[in-house]
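*Asks:* Pasting a structure below so you can have a look.
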Amino acid sequence: MYNFLRTNNLQIIKFAITGILASCLNFVIYSLFYYFYKNIVLASLIGYISGIFVSFILAKIWVFRIKSNKPLVKSFSIFCLIYFLGAIEMSLIIYWINSLTSNYKVAWFFGVFVSSLNNFLGSKYLTFRN
């Protein structure tokens, strides 16, 4: 584990920064769409999709620096599947931890940790592998 962290520390830091930037963009787009259209589902969906696009682009060109011959649609599809599975994991873990502890903040932290781990490893070894 130590060797993995030491070997990949720069990618992990860049991945975290990318996640923060994508989440901020997601929130801004979500807020704007909700402000103008008053439709929370539409706002959530558009915000989330914008965050996914930014995450994908930054992961490809900055975090993992991949110049792949793999078709962009295929890479993006795999990326979305990984993030979808991460969202399901996060939701299940939040539900489970909250039911055990009755602490939604702790539950969220564990959910985000597992989801982020899933998203990093899936991106590194499935979407953007050399």
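To be explicit about the labels: the chains of the structure tokens are called A, B, and onward in the order shown, and within each one the residues are counted from 1, while ligands get numbers from 1 in the order they are shown.
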Which polymer residues have any atom within 9 Å of an atom of region 35-52 of chain A, counting only C-alpha atoms, with same-chain residues fewer than 6 positions away left out, as a list in words?

*Replies:* Gly19, Leu21, Ala22, Ser23, Cys24, Leu25, Asn26, Phe27, Val28, Ile29, Phe79, Cys80 and Tyr83 of chain A

*Asks:* Take the residues just selected and output them with all heavy atoms as a short mmCIF file (atom, residue, chain, number, x, y, z; two decimals), in the first residue's frame.

*Replies:*
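Produced file again.cif, reproduced below:
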data_model
loop_
_atom_site.label_atom_id
_atom_site.label_comp_id
_atom_site.auth_asym_id
_atom_site.auth_seq_id
_atom_site.Cartn_x
_atom_site.Cartn_y
_atom_site.Cartn_z
N GLY A 19 -11.32 16.41 -8.93
CA GLY A 19 -12.62 16.15 -8.31
C GLY A 19 -13.21 17.39 -7.65
O GLY A 19 -14.42 17.64 -7.77
N LEU A 21 -12.51 20.56 -8.47
CA LEU A 21 -12.90 21.48 -9.55
C LEU A 21 -14.20 21.05 -10.23
O LEU A 21 -15.09 21.87 -10.47
CB LEU A 21 -11.79 21.60 -10.59
CG LEU A 21 -10.51 22.30 -10.15
CD1 LEU A 21 -9.43 22.17 -11.22
CD2 LEU A 21 -10.79 23.75 -9.83
N ALA A 22 -14.32 19.76 -10.51
CA ALA A 22 -15.53 19.25 -11.16
C ALA A 22 -16.75 19.41 -10.25
O ALA A 22 -17.84 19.76 -10.71
CB ALA A 22 -15.34 17.78 -11.55
N SER A 23 -16.56 19.19 -8.97
CA SER A 23 -17.66 19.36 -8.01
C SER A 23 -18.09 20.82 -7.91
O SER A 23 -19.29 21.12 -7.81
CB SER A 23 -17.26 18.83 -6.63
OG SER A 23 -17.06 17.44 -6.69
N CYS A 24 -17.12 21.72 -7.92
CA CYS A 24 -17.45 23.15 -7.89
C CYS A 24 -18.23 23.56 -9.14
O CYS A 24 -19.24 24.27 -9.04
CB CYS A 24 -16.18 23.99 -7.75
SG CYS A 24 -15.41 23.88 -6.14
N LEU A 25 -17.77 23.10 -10.30
CA LEU A 25 -18.49 23.39 -11.53
C LEU A 25 -19.90 22.79 -11.48
O LEU A 25 -20.87 23.45 -11.86
CB LEU A 25 -17.73 22.87 -12.75
CG LEU A 25 -18.47 23.08 -14.07
CD1 LEU A 25 -18.48 24.57 -14.44
CD2 LEU A 25 -17.86 22.26 -15.17
N ASN A 26 -19.99 21.56 -11.03
CA ASN A 26 -21.28 20.90 -10.88
C ASN A 26 -22.21 21.77 -10.04
O ASN A 26 -23.36 22.03 -10.43
CB ASN A 26 -21.06 19.53 -10.20
CG ASN A 26 -22.33 18.76 -9.94
OD1 ASN A 26 -23.43 19.29 -9.87
ND2 ASN A 26 -22.17 17.47 -9.73
N PHE A 27 -21.73 22.27 -8.91
CA PHE A 27 -22.56 23.09 -8.02
C PHE A 27 -22.97 24.41 -8.68
O PHE A 27 -24.12 24.83 -8.57
CB PHE A 27 -21.85 23.35 -6.70
CG PHE A 27 -22.69 24.13 -5.74
CD1 PHE A 27 -23.75 23.54 -5.09
CD2 PHE A 27 -22.42 25.47 -5.51
CE1 PHE A 27 -24.56 24.26 -4.22
CE2 PHE A 27 -23.21 26.21 -4.64
CZ PHE A 27 -24.28 25.60 -3.99
N VAL A 28 -22.05 25.05 -9.38
CA VAL A 28 -22.35 26.33 -10.03
C VAL A 28 -23.41 26.13 -11.11
O VAL A 28 -24.41 26.88 -11.18
CB VAL A 28 -21.07 26.97 -10.62
CG1 VAL A 28 -21.41 28.12 -11.56
CG2 VAL A 28 -20.16 27.45 -9.50
N ILE A 29 -23.23 25.11 -11.95
CA ILE A 29 -24.21 24.83 -13.01
C ILE A 29 -25.56 24.45 -12.40
O ILE A 29 -26.61 24.93 -12.83
CB ILE A 29 -23.69 23.70 -13.94
CG1 ILE A 29 -22.37 24.09 -14.59
CG2 ILE A 29 -24.75 23.29 -14.95
CD1 ILE A 29 -22.46 25.00 -15.76
N PHE A 79 -15.55 5.36 -18.58
CA PHE A 79 -15.43 6.35 -17.51
C PHE A 79 -16.79 6.56 -16.82
O PHE A 79 -16.88 6.54 -15.59
CB PHE A 79 -14.92 7.67 -18.10
CG PHE A 79 -14.63 8.74 -17.10
CD1 PHE A 79 -13.42 8.76 -16.41
CD2 PHE A 79 -15.54 9.76 -16.86
CE1 PHE A 79 -13.13 9.76 -15.51
CE2 PHE A 79 -15.26 10.77 -15.96
CZ PHE A 79 -14.05 10.77 -15.28
N CYS A 80 -17.84 6.74 -17.61
CA CYS A 80 -19.18 6.95 -17.04
C CYS A 80 -19.65 5.73 -16.26
O CYS A 80 -20.26 5.86 -15.19
CB CYS A 80 -20.18 7.30 -18.14
SG CYS A 80 -19.97 8.97 -18.79
N TYR A 83 -17.90 5.70 -12.90
CA TYR A 83 -18.45 6.71 -12.01
C TYR A 83 -19.87 6.36 -11.57
O TYR A 83 -20.27 6.67 -10.45
CB TYR A 83 -18.38 8.10 -12.65
CG TYR A 83 -17.06 8.76 -12.39
CD1 TYR A 83 -15.88 8.25 -12.92
CD2 TYR A 83 -16.97 9.89 -11.59
CE1 TYR A 83 -14.66 8.85 -12.66
CE2 TYR A 83 -15.75 10.50 -11.33
CZ TYR A 83 -14.60 9.96 -11.87
OH TYR A 83 -13.39 10.56 -11.60
#

*Asks:* Which residues, written as an MDAnalysis selection string, have at least one atom at most 10 Å from Ser116 (chain A), with only C-alpha atoms counted and residues fewer than 3 positions away on the same chain left out?

*Replies:* chainID A and resid 15:16 19 83 86:87 89:90 110:113 119:122

*Asks:* Considering only C-alpha atoms, tabulate each residue of region 36-82 of chain A that lies at most 10 Å from region 125-129 of chain A along with its nearest interatomic pair and the corresponding distance in Å to one decimal; arrange the rows by chain and ascending residue number and present them as JSON lines.

*Replies:*
{"residue": "A:Phe56", "atom": "CA", "partner": "A:Thr127", "partner_atom": "CA", "distance": 9.6}
{"residue": "A:Ala59", "atom": "CA", "partner": "A:Phe128", "partner_atom": "CA", "distance": 8.2}
{"residue": "A:Lys60", "atom": "CA", "partner": "A:Phe128", "partner_atom": "CA", "distance": 6.9}
{"residue": "A:Val63", "atom": "CA", "partner": "A:Phe128", "partner_atom": "CA", "distance": 9.6}
{"residue": "A:Phe64", "atom": "CA", "partner": "A:Phe128", "partner_atom": "CA", "distance": 6.6}
{"residue": "A:Arg65", "atom": "CA", "partner": "A:Phe128", "partner_atom": "CA", "distance": 8.4}
{"residue": "A:Ile66", "atom": "CA", "partner": "A:Phe128", "partner_atom": "CA", "distance": 6.3}
{"residue": "A:Lys67", "atom": "CA", "partner": "A:Phe128", "partner_atom": "CA", "distance": 9.0}
{"residue": "A:Ser68", "atom": "CA", "partner": "A:Phe128", "partner_atom": "CA", "distance": 7.9}
{"residue": "A:Lys70", "atom": "CA", "partner": "A:Phe128", "partner_atom": "CA", "distance": 9.3}
{"residue": "A:Lys74", "atom": "CA", "partner": "A:Thr127", "partner_atom": "CA", "distance": 8.7}
{"residue": "A:Ser75", "atom": "CA", "partner": "A:Thr127", "partner_atom": "CA", "distance": 5.6}
{"residue": "A:Phe76", "atom": "CA", "partner": "A:Thr127", "partner_atom": "CA", "distance": 7.8}
{"residue": "A:Ser77", "atom": "CA", "partner": "A:Thr127", "partner_atom": "CA", "distance": 8.8}
{"residue": "A:Ile78", "atom": "CA", "partner": "A:Thr127", "partner_atom": "CA", "distance": 5.9}
{"residue": "A:Phe79", "atom": "CA", "partner": "A:Thr127", "partner_atom": "CA", "distance": 5.8}
{"residue": "A:Cys80", "atom": "CA", "partner": "A:Thr127", "partner_atom": "CA", "distance": 9.6}
{"residue": "A:Leu81", "atom": "CA", "partner": "A:Thr127", "partner_atom": "CA", "distance": 9.9}
{"residue": "A:Ile82", "atom": "CA", "partner": "A:Thr127", "partner_atom": "CA", "distance": 8.6}

*Asks:* Write down as JSON, numbers by chain the residues belonging to chain A that are assigned alpha helix (DSSP H) by DSSP computed on the backbone.

*Replies:* {"A": [2, 3, 4, 5, 6, 7, 8, 9, 10, 11, 12, 13, 14, 15, 16, 17, 18, 19, 20, 21, 22, 23, 24, 25, 26, 27, 28, 29, 30, 31, 32, 33, 34, 35, 36, 37, 40, 41, 42, 43, 44, 45, 46, 47, 48, 49, 50, 51, 52, 53, 54, 55, 56, 57, 58, 72, 73, 74, 75, 76, 77, 78, 79, 80, 81, 82, 83, 84, 85, 86, 87, 88, 89, 90, 91, 92, 93, 94, 95, 96, 97, 98, 99, 100, 101, 104, 105, 106, 107, 108, 109, 110, 111, 112, 113, 114, 115, 116, 117, 118, 119, 120, 121, 122]}
